[in-house]
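S.K.: This is the structure I want to talk about, given as structure tokens.
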Amino acid sequence: MSAVLELKNLSFVYGKGTPFEKKAVNNVSLSINKGEFVGIIGHTGSGKSTLVQMLNGLITPSEGQVILDGRDIWSDPKQIRQIRFRVGMVFQYPEYQLFEETVYKDISFGAQNRGYTGEELDTAIRKAAEFTGLRPELLDKSPFDLSGGEKRRAAIAGVIAMNPEVLILDEPTAGLDPMGREILLSQIMNYHQEKGTTVLLVSHSMEDIARVADRIIVMNQGRLEMFDETKAVFSHGSDLEQIGLKVPQITKIMQALKAKGIEVPDDILTVDEALEVLSSLLKKEGKLW
């Protein structure tokens, strides 16, 4: 696999040179491959949001480099606006940024600024709406007439319509009810699988991250604590707990069963995996209901 994003000794300091100076990101180096789905986890204040805001040039690193397709994004500051089209960012509660008369116009805003016009623009809008599960009849409505989940999907569609090479989502399911969370997460997964776009997902939900991520970035006090495949990261349950994180609930349950002598794997990450393992075990013992 080839790298799409490389971070080299990346650091960021808030309030540099003042009594309130704080190093939010401290010497982070890593490489993200094209087409990967990467989860980013860490307790509040660990540096997650600061890190991702440097990836598309929203804030300038105090030290180090962000390399996109082999080139430092700050090598030509005049081109940083183009970087923001290539590395799309969806912030927490993006529905608060909706402002146009119709959903169609709102979704079109970023794509138009990238230079899409005519049929190309219309296709990008409708395809983005389809990816996020917005029904065609909603495109002519005011975004303020939509439900909370629909507003969230419309805002995400506005970033997807720009056809970014990398899509970053900062807590996209925050504040949604369980059904809304499930729908949105499934749509993000479908988008990733169909488009092959590199996706970075920041989340406090270990269950969500376990379900979707190929690898996980773990941030702690501004530093890169771990960066490894999902199962490998969640195998370090005690280390995660020491920095205020947890493994998925189903993983904890399976680990507890194994501790009681039941022969089950202790690296199960999803309910579906657990059901398959337990069904197989019960069938073997002739106890399947």
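Every chain in the structure tokens has a letter given in the order shown (A, B, ...), and although residue numbers restart at 1 in each chain, ligands are simply numbered from 1 in the order shown.
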Between range 135-248 of chain A and range 271-278 of chain A, at 12 Å or less, what are the per-residue closest atom pairs and their distances in Å? Count only C-alpha atoms, order by chain and rising residue number, and return it as JSON lines.
M.R.:
```
{"residue": "A:Glu207", "atom": "CA", "partner": "A:Val271", "partner_atom": "CA", "distance": 9.2}
{"residue": "A:Asp208", "atom": "CA", "partner": "A:Val271", "partner_atom": "CA", "distance": 11.4}
{"residue": "A:Ala210", "atom": "CA", "partner": "A:Val271", "partner_atom": "CA", "distance": 10.5}
{"residue": "A:Arg211", "atom": "CA", "partner": "A:Val271", "partner_atom": "CA", "distance": 9.4}
{"residue": "A:Pro248", "atom": "CA", "partner": "A:Val271", "partner_atom": "CA", "distance": 9.7}
```
S.K.: When you look at Leu200 in chain A with a cut-off of 8 Å (counting only C-alpha atoms), what residues show up, excluding the ones that are within fewer than 2 positions of it in the same chain? I need them as a list in words.
M.R.: Phe37, Val38, Gly39, Ile40, Val166, Leu167, Ile168, Leu169, Thr198 and Val202 of chain A
S.K.: Which value, in Å to one decimal, gives the distance between CA of Asp69 in chain A and CA of Val4 in chain A?
M.R.: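 Spanning CA of Asp69 in chain A to CA of Val4 in chain A is a straight-line distance of 4.9 Å.
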S.K.: With only C-alpha atoms counted and 12 Å as the cut-off, give the residues of range 196-239 of chain A in contact with range 92-95 of chain A, each with its shortest interatomic distance in Å and the pair that gives it, as a Markdown table.
M.R.:
```
| residue | atom | partner | partner_atom | distance |
| --- | --- | --- | --- | --- |
| A:Leu201 | CA | A:Gln92 | CA | 11.3 |
| A:Val202 | CA | A:Gln92 | CA | 9.6 |
| A:Ser203 | CA | A:Gln92 | CA | 10.1 |
| A:His204 | CA | A:Gln92 | CA | 12.0 |
```
S.K.: Please report, as CSV, each residue of range 54-149 of chain A lying at most 9 Å from range 177-193 of chain A, together with the nearest pair of atoms and the separation in Å rounded to one decimal; use only C-alpha atoms, and order rows by chain and ascending residue number.
M.R.:
```
residue,atom,partner,partner_atom,distance
A:Phe131,CA,A:Tyr191,CA,5.9
A:Thr132,CA,A:Gln187,CA,5.6
A:Gly133,CA,A:Gln187,CA,7.0
A:Gly148,CA,A:Gly180,CA,8.8
A:Gly149,CA,A:Gly180,CA,6.0
```
S.K.: Quick one: everything within 12 Å of Ile125 in chain A, counting only C-alpha atoms, minus sequence neighbours fewer than 4 positions away in the same chain. Send it as a PyMOL selection string.
M.R.: chain A and resi 103-112+116-121+129-132+134+136+139+154-163
S.K.: Based on DSSP run over this structure's backbone, return all residues of range 43-179 of chain A in strand (DSSP E or B), as a VMD selection string.
M.R.: chain A and resid 63 to 68 71 to 72 87 to 90 166 to 170
S.K.: Neighbours of Lys34 in chain A within 9 Å (only C-alpha atoms; same-chain residues fewer than 4 positions away dropped), as a PyMOL selection string?
M.R.: chain A and resi 1-5+165-166+196-198
S.K.: Write a file of the just-selected residues containing C-alpha atoms, as a PDB file, in the first residue's frame.
M.R.:
```pdb
ATOM      1  CA  MET A   1       0.000   0.000   0.000  1.00  0.00           C
ATOM      2  CA  SER A   2       1.155   3.550  -0.690  1.00  0.00           C
ATOM      3  CA  ALA A   3       0.884   6.349   1.857  1.00  0.00           C
ATOM      4  CA  VAL A   4      -1.589   9.155   1.266  1.00  0.00           C
ATOM      5  CA  LEU A   5      -0.787  11.044   4.484  1.00  0.00           C
ATOM      6  CA  GLU A 165      -9.068  12.056  -1.272  1.00  0.00           C
ATOM      7  CA  VAL A 166      -9.199  11.884   2.532  1.00  0.00           C
ATOM      8  CA  GLY A 196     -12.172   3.498  -1.539  1.00  0.00           C
ATOM      9  CA  THR A 197     -11.598   6.924   0.004  1.00  0.00           C
ATOM     10  CA  THR A 198      -9.235   7.122   2.965  1.00  0.00           C
TER      11      THR A 198
END
```
S.K.: For Phe85 in chain A, which residue among A:Lys252, A:Arg114, A:Arg152, A:Arg71 is the nearest when counting only C-alpha atoms?
M.R.: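 Of the candidates, the smallest distance to Phe85 in chain A is held by A:Arg114.
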S.K.: Using only C-alpha atoms, which residues sit within 7 Å of range 46-50 of chain A once same-chain residues fewer than 4 positions away are excluded, as a PyMOL selection string?
M.R.: chain A and resi 24-25+40+42+54+219-222
S.K.: Using only C-alpha atoms, which residue out of A:His43, A:Glu6, A:Ile80, A:Leu68 lies closest to Ile243 in chain A?
M.R.: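 When distances to Ile243 in chain A are compared using only C-alpha atoms, the smallest one comes from A:His43.
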S.K.: Please indicate the distance in Å from CA of Asn113 in chain A to CA of Leu98 in chain A, rounded to one decimal place.
M.R.: 15.8 Å
S.K.: Provide the CA of Leu282 in chain A to CA of Ala259 in chain A distance in Å, to one decimal place.
M.R.: 18.0 Å
